[in-house]
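Enquirer: Let me give you the structure first, and then I'll get to my questions.
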Amino acid sequence: MNRVAAARRGEIGVQIMSMGQVAARLAGGFLKPIDLDSLREAVRSTLPTTPLGDLEPIKNLPGMARAVVSTLDKLWRADIDLSSFDHPRLQALATLERRILQQLPPSMKKPRTLVNLALGRLAHAPAVLGPVEIHSHSEMPVCWRPLLLALASCIPVTWVAGPRSIPEWIIGKKIEIRGSAPSETPPDVYSCATPQHEVLEAFRWMRSLLVDGKAKPEDIAIAAASPADYDDYVSALSHEVNIPVHFVQGVKAVATRDGQTAAALADVLVNGISQARVRRLLHLMDGARSVLGLPKDWARVLPADAPLSTIERWKQAFSSVEPAAWPDGVDRSGIVLDVLQVLEKGPAGAHEAGEKLLSRLPLKLWRLALEDGPATALPVTLAHVRVADGLEPASHPIWTSAISLAASPRPFVRLLALNAGRWPRRISEDRLIPDHIIPIGDLDPLPAADADRRDFATIIGSSTQATISFSRRDVEGRLLGRSPLIGAFKQNYLSYGRIPEHATSEPDRLIARSVEFRATPIARSGLAAWRDWYRTEINAHDGLVRREHPRLDKTFRQPMSATSLRMLLRDPIRFVWRYALGWRQPEEADEPFSLDPLSFGVLVHETLQIAVNALETNGGIGRAKLDAVTKAISEAVLETAARWEAGQPVPPPVIWGNVLDLMRKVATTALTYRVDALPNQKSWTEIPFGMADRRSRTHLPWDPSISVEIPGTGITIQGQIDRLDLSGDNRQARVIDYKTGRLSRNMAHVVVKGGTELQRCIYAFAVRTLLGPNVEVEAALLYPRAADGDRALFPLIDIQAALNTLAAAIAAARDNIENGLALPGIDAGDSYNDYAFALPANPSYLARKRPIAEKRLGDATKIWEAP
């Protein structure tokens, strides 16, 4: 900003430099001070090979390089010589310091060396430097003070303090001091609800200045002592209000596309090569994808729900894809597998993966993160990397730290986070040299707390209009105290829901204009829903729909399963959401920690189907011996597991192994449970009805595409029967539905169990319909996981009576929905309701509406009490 100001004034010959550069200029020989980037690189290359004594266990941890750079910077600025101490830790750090200095270019010198060389060439100061002015300082590190005092004896030195405090060590010396009276206008202090509210109020304040023409963008600054805590809020609101704000300290690299590319690679290496992670990485790698030759839609050939967590599963998935299924008909699986070979190495292959897959800025960020810590810590180290935002500070408002703003004050400033402990910050020990080794006052003679106080006074004294805010509570709701720096100022209370004088964005404007907002469609709809939820009668926001809606008519013309019928009977509104509107729960993308009961049941059923089919081709399950059954099940488990691993998420190996063992046990119990064999029995598993057989199996007992309609309902059904035993003369049939869950109480008396147990009744009716009225059908539930000695087989006593009860309930439920009553049912409050997010969050809603809904649903609710 000083260079910009000099250029605007048209000055020629002015050199703007730091005290380190002044010392290097006078010392001569093309010398220069040590810059932090070079120092960090030297530290990273030296740390692994340097013994650090009691610090040895932590030297490879993330952040160690940053800690060493910070400690050395403090030591050099405080002009402390480590070699003069006998403490073992300081001796180890002295050794590290020597090796680091050897790694640096010969032209780079630490402050004490530059000062000593410069003091030996003071006679050249008039020609080399000329008059010197010190700007933007309220204090100066100890290491530069001897040089500045020595320069004052041979050239004019002016300390331009302005409204800043003047350090005592220059008073009475040959240094001219130019000060000015600080601004006497007291700042406005505002109490805000939360840190996010503080940022919102700051942007309202900034927009008001710009709209009223009181300030130009380059005259405005928003600052905090530790701005990193507020970065996300400022960045998000800057994009929302369309006011570009320059981040003086840089933006987080992971907030940019290049940073996200590096982060995606880190995610794959650290957490595994799942399909979701690999697809995200290759999507972000635009440059790499063009080099690899992958089309944009290459991933369409993969099963969408398969996690593909190992390279073997990727190969298995690609092996089932025909070349014609690929975009342009070209098989590119080899390219993807080559990339996966690199990624599968994990953190150990981080360097190779970065060099092969990243380019330009993502690669630069990758190298910086690897230099800052081990590859296993990449998600942490990448989060610390910052990049320039590309905005010019001389023409934009700035978001900055207090120390930077104090160095270059602006007329209009907004200071955030004036809370106790945040401004001024607490004095803390150095991470490597605690107070008992070198006192804090010696190691850091300019502590952060004192600097924060000076910076606060400088900013307030230099501004035309200063505004201060603090938060009453943090993001977790804890009460916060005010900073002692603003204890003497009167505060103004700001409510989070107040109407602002200047709105900062379109949403903010609509909230401020309640009449205008109330007229918008979303506001009208939201308010109507809120009021309707509290009304004592059923209304449109409780599930009333148009009578005979075409979407509902289409739904009822489709075949239904036992699952959809259960939802129709027990929760009509969820039935409409799922089957009429097509809402679906998102599938789990990554590998789960455990397998849910539904998935376990599907696995067991697939295993039973494979095993029974194998046994039927070798004499039939009715005549199979125990050894043959056990062998068939073991082979079926392996086949099912391989198929599931290729297309579905599976738990970790140990848990997955336990699941397979339990599958084997349950399947064995299911097929070996003693039931009387029918004469010349034939058996089938997973037999479809009411739909085409997708496996195109032959020798089924019926045509699976024949429609099956429940009498008196107009509803056709479909499904897959777990097991069907049929006598050789087709006179006797036994339907068995396997239940892989735990055995419930009183199962002997269960018929339809309130509409939750429908398979026996539906499957028995389907068999009688498809095989003819002369067949005698038995339907039963079998619990393979029942404890030894417990009854596991539960036949349905009166199939026709159960069917009559079920048909009446289905007809009543259908009539209700066709008449527009899609209301919450008894299952709406179930803890496993995956559509609960669509219901009002108020816990009293269902308790208030359910009695009214039950009265409107009428006879359809009788099934809820059925045994």
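So you can find residues: chains in the structure tokens are A, B, ... in the order shown, residues in each start at 1, and ligands are numbered from 1 in order.
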I'd like the contact shell of range 300-314 of chain A - 12 Å cut-off, only C-alpha atoms, skipping same-chain residues fewer than 5 positions apart - returned as number ranges by chain.
Expert: A: 268-269, 271-279, 294-295, 319-327, 329-334, 336-346, 586-592, 641-653
Enquirer: What are the closest atom pairs, with distances in Å to one decimal, for each residue of range 669-773 of chain A lying within 10 Å of range 608-611 of chain A, using only C-alpha atoms, rows by chain and rising residue number, as CSV?
Expert:
```
residue,atom,partner,partner_atom,distance
A:Ala670,CA,A:Leu608,CA,8.3
A:Leu671,CA,A:Leu608,CA,7.9
A:Trp684,CA,A:Gln609,CA,7.7
A:Thr685,CA,A:Gln609,CA,5.0
A:Glu686,CA,A:Gln609,CA,6.0
A:Ile687,CA,A:Gln609,CA,9.0
A:Asp722,CA,A:Gln609,CA,8.0
A:Arg723,CA,A:Gln609,CA,8.4
A:Tyr738,CA,A:Leu608,CA,9.8
```
Enquirer: Nearest residue to Thr756 in chain A out of A:Ser226, A:Gln800, A:Thr563, A:Thr669, using only C-alpha atoms?
Expert: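 Smallest distance to Thr756 in chain A is found for A:Thr563.
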Enquirer: For Val777 in chain A, find every residue with an atom within 9 Å (counting only C-alpha atoms), except residues of its own chain fewer than 4 positions away, and show them as a list in words.
Expert: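 Answer for this query is Arg731, Gln732, Ala733, Arg734, Val735, Ala764, Phe765, Val767, Arg768 and Ile799 of chain A.
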Enquirer: Return the single residue from A:Ala350, A:Asn492, A:Glu818, A:Asn833 that is closest to Ala580 in chain A, with distances computed using only C-alpha atoms.
Expert: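 Looking at the shortest contact to Ala580 in chain A, the residue is A:Glu818.
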Enquirer: Using DSSP on the backbone coordinates, identify all residues within range 429-523 of chain A classified as alpha helix (DSSP H); present the result as a ChimeraX atom specification.
Expert: /A:440-443,448-462,506-512,514-518,521-523
Enquirer: Would you pick out the contacts of Leu823 in chain A at 6 Å or less, using only C-alpha atoms, so that residues sharing its chain but fewer than 6 positions from it are not included, and give the list as a VMD selection string?
Expert: chain A and resid 543 572 to 573
Enquirer: What does the file look like for those residues with all heavy atoms, as an mmCIF file, in the first residue's frame?
Expert:
```
data_model
loop_
_atom_site.group_PDB
_atom_site.id
_atom_site.type_symbol
_atom_site.label_atom_id
_atom_site.label_comp_id
_atom_site.auth_asym_id
_atom_site.auth_seq_id
_atom_site.Cartn_x
_atom_site.Cartn_y
_atom_site.Cartn_z
ATOM 1 N N GLY A 543 -51.743 -34.170 4.283
ATOM 2 C CA GLY A 543 -51.832 -35.291 3.371
ATOM 3 C C GLY A 543 -53.095 -35.354 2.543
ATOM 4 O O GLY A 543 -53.365 -36.376 1.900
ATOM 5 N N PRO A 572 -50.248 -44.359 4.881
ATOM 6 C CA PRO A 572 -50.630 -43.928 3.526
ATOM 7 C C PRO A 572 -49.793 -42.774 2.992
ATOM 8 O O PRO A 572 -49.489 -42.743 1.796
ATOM 9 C CB PRO A 572 -52.099 -43.523 3.706
ATOM 10 C CG PRO A 572 -52.573 -44.296 4.884
ATOM 11 C CD PRO A 572 -51.396 -44.406 5.800
ATOM 12 N N ILE A 573 -49.408 -41.813 3.823
ATOM 13 C CA ILE A 573 -48.662 -40.669 3.298
ATOM 14 C C ILE A 573 -47.279 -41.100 2.802
ATOM 15 O O ILE A 573 -46.796 -40.623 1.780
ATOM 16 C CB ILE A 573 -48.554 -39.552 4.364
ATOM 17 C CG1 ILE A 573 -48.066 -38.265 3.703
ATOM 18 C CG2 ILE A 573 -47.632 -39.967 5.517
ATOM 19 C CD1 ILE A 573 -48.152 -37.055 4.617
#
```
Enquirer: Using only C-alpha atoms, determine which residues lie at most 8 Å from Leu149 in chain A, disregarding the query and same-chain residues fewer than 6 positions distant; provide the list as a list in words.
Expert: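 Using only C-alpha atoms, the neighbours found are Ile170, Lys173, Lys174 and Ile175 of chain A.
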Enquirer: Find the residue from A:Leu432, A:Ile171, A:Leu114, A:Ile243 that sits nearest to Arg204 in chain A; use only C-alpha atoms when measuring.
Expert: A:Ile243
Enquirer: Please produce, as a tab-separated table, a per-residue contact table for range 317-383 of chain A versus range 30-47 of chain A (criterion: any atom at most 9 Å away, only C-alpha atoms considered), showing the nearest atom pair and its distance in Å to one decimal, sorted by chain then residue number.
Expert:
```
residue	atom	partner	partner_atom	distance
A:Glu371	CA	A:Arg44	CA	6.0
A:Asp372	CA	A:Arg44	CA	7.1
A:Gly373	CA	A:Arg44	CA	8.7
```
Enquirer: Take the residues from that selection and put them in a file with C-alpha atoms, as a PDB file, in the first residue's frame.
Expert:
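Output saved as result_9.pdb:
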```
ATOM      1  CA  GLU A 371       6.854 -30.915   3.092  1.00  0.00           C
ATOM      2  CA  ASP A 372       4.789 -29.862   6.114  1.00  0.00           C
ATOM      3  CA  GLY A 373       4.192 -33.378   7.457  1.00  0.00           C
TER       4      GLY A 373
END
```
Enquirer: May I ask for the distance between CA of Ala24 in chain A and CA of Ala407 in chain A, given in Å to one decimal place?
Expert: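 A separation of 22.0 Å between them.
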Enquirer: Using only C-alpha atoms, what table do you get, as CSV, when you list each residue of range 116-165 of chain A with an atom no more than 12 Å from range 452-456 of chain A, its nearest pair of atoms, and their distance in Å rounded to one decimal, rows by chain then rising number?
Expert:
```
residue,atom,partner,partner_atom,distance
A:Ser136,CA,A:Asp455,CA,10.5
A:His137,CA,A:Asp455,CA,9.8
A:Ser138,CA,A:Arg454,CA,7.2
A:Glu139,CA,A:Arg454,CA,9.0
A:Pro163,CA,A:Arg454,CA,10.7
A:Arg164,CA,A:Arg454,CA,7.7
A:Ser165,CA,A:Arg454,CA,7.2
```
Enquirer: Give me the residues near range 217-225 of chain A as a CSV table (one decimal) with N, CA and C atoms, in the first residue's frame, where near means some atom within 7 Å (using only C-alpha atoms) and where sequence neighbours in that chain fewer than 2 positions away do not count.
Expert:
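Wrote part09.csv, looks like this:
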```csv
chain,number,residue,atom,x,y,z
A,215,ALA,N,-17.6,6.1,1.4
A,215,ALA,CA,-16.3,5.5,1.3
A,215,ALA,C,-16.1,4.8,-0.1
A,227,PRO,N,-8.0,-13.8,12.2
A,227,PRO,CA,-9.0,-13.8,11.2
A,227,PRO,C,-9.4,-15.2,10.7
A,394,ALA,N,-5.4,-2.6,-3.4
A,394,ALA,CA,-5.5,-1.1,-3.5
A,394,ALA,C,-6.9,-0.7,-4.1
A,395,SER,N,-7.7,-1.7,-4.5
A,395,SER,CA,-9.0,-1.3,-5.1
A,395,SER,C,-10.1,-2.1,-4.6
A,396,HIS,N,-9.9,-2.8,-3.5
A,396,HIS,CA,-11.0,-3.6,-2.9
A,396,HIS,C,-11.0,-3.5,-1.4
A,397,PRO,N,-12.2,-3.7,-0.8
A,397,PRO,CA,-12.2,-3.8,0.7
A,397,PRO,C,-11.3,-5.0,1.1
A,398,ILE,N,-10.8,-5.0,2.3
A,398,ILE,CA,-9.9,-6.0,2.7
A,398,ILE,C,-10.4,-6.7,4.0
A,399,TRP,N,-10.1,-8.0,4.1
A,399,TRP,CA,-10.3,-8.8,5.3
A,399,TRP,C,-8.9,-9.2,5.8
A,400,THR,N,-8.6,-8.8,7.0
A,400,THR,CA,-7.2,-8.9,7.4
A,400,THR,C,-7.0,-9.1,8.9
A,401,SER,N,-5.8,-9.3,9.2
A,401,SER,CA,-5.5,-9.4,10.7
A,401,SER,C,-5.2,-8.0,11.2
A,402,ALA,N,-5.3,-7.9,12.5
A,402,ALA,CA,-5.1,-6.6,13.2
A,402,ALA,C,-3.7,-6.1,12.9
A,410,ARG,N,-6.7,2.1,7.4
A,410,ARG,CA,-7.7,2.6,6.5
A,410,ARG,C,-8.7,3.5,7.2
A,411,PRO,N,-9.3,4.4,6.5
A,411,PRO,CA,-10.3,5.4,7.2
A,411,PRO,C,-11.5,4.7,7.8
A,412,PHE,N,-12.0,3.7,7.2
A,412,PHE,CA,-13.2,3.0,7.6
A,412,PHE,C,-12.9,1.6,8.0
A,413,VAL,N,-13.0,1.3,9.3
A,413,VAL,CA,-12.6,0.0,9.8
A,413,VAL,C,-13.7,-0.6,10.6
A,414,ARG,N,-13.8,-2.0,10.5
A,414,ARG,CA,-14.8,-2.7,11.3
A,414,ARG,C,-14.0,-3.8,12.0
A,415,LEU,N,-13.9,-3.8,13.3
A,415,LEU,CA,-13.1,-4.8,14.1
A,415,LEU,C,-14.1,-5.8,14.7
A,416,LEU,N,-13.8,-7.1,14.4
A,416,LEU,CA,-14.6,-8.2,14.9
A,416,LEU,C,-13.9,-8.9,16.0
A,417,ALA,N,-14.7,-9.7,16.7
A,417,ALA,CA,-14.3,-10.6,17.8
A,417,ALA,C,-13.6,-9.9,18.9
A,422,ARG,N,-9.9,-13.3,22.9
A,422,ARG,CA,-9.6,-13.3,21.5
A,422,ARG,C,-8.9,-12.0,21.1
A,423,TRP,N,-9.2,-10.9,21.8
A,423,TRP,CA,-8.5,-9.6,21.5
A,423,TRP,C,-8.4,-8.8,22.7
A,452,ASP,N,-1.4,-6.8,20.3
A,452,ASP,CA,-2.8,-6.6,20.0
A,452,ASP,C,-3.3,-5.3,20.6
```
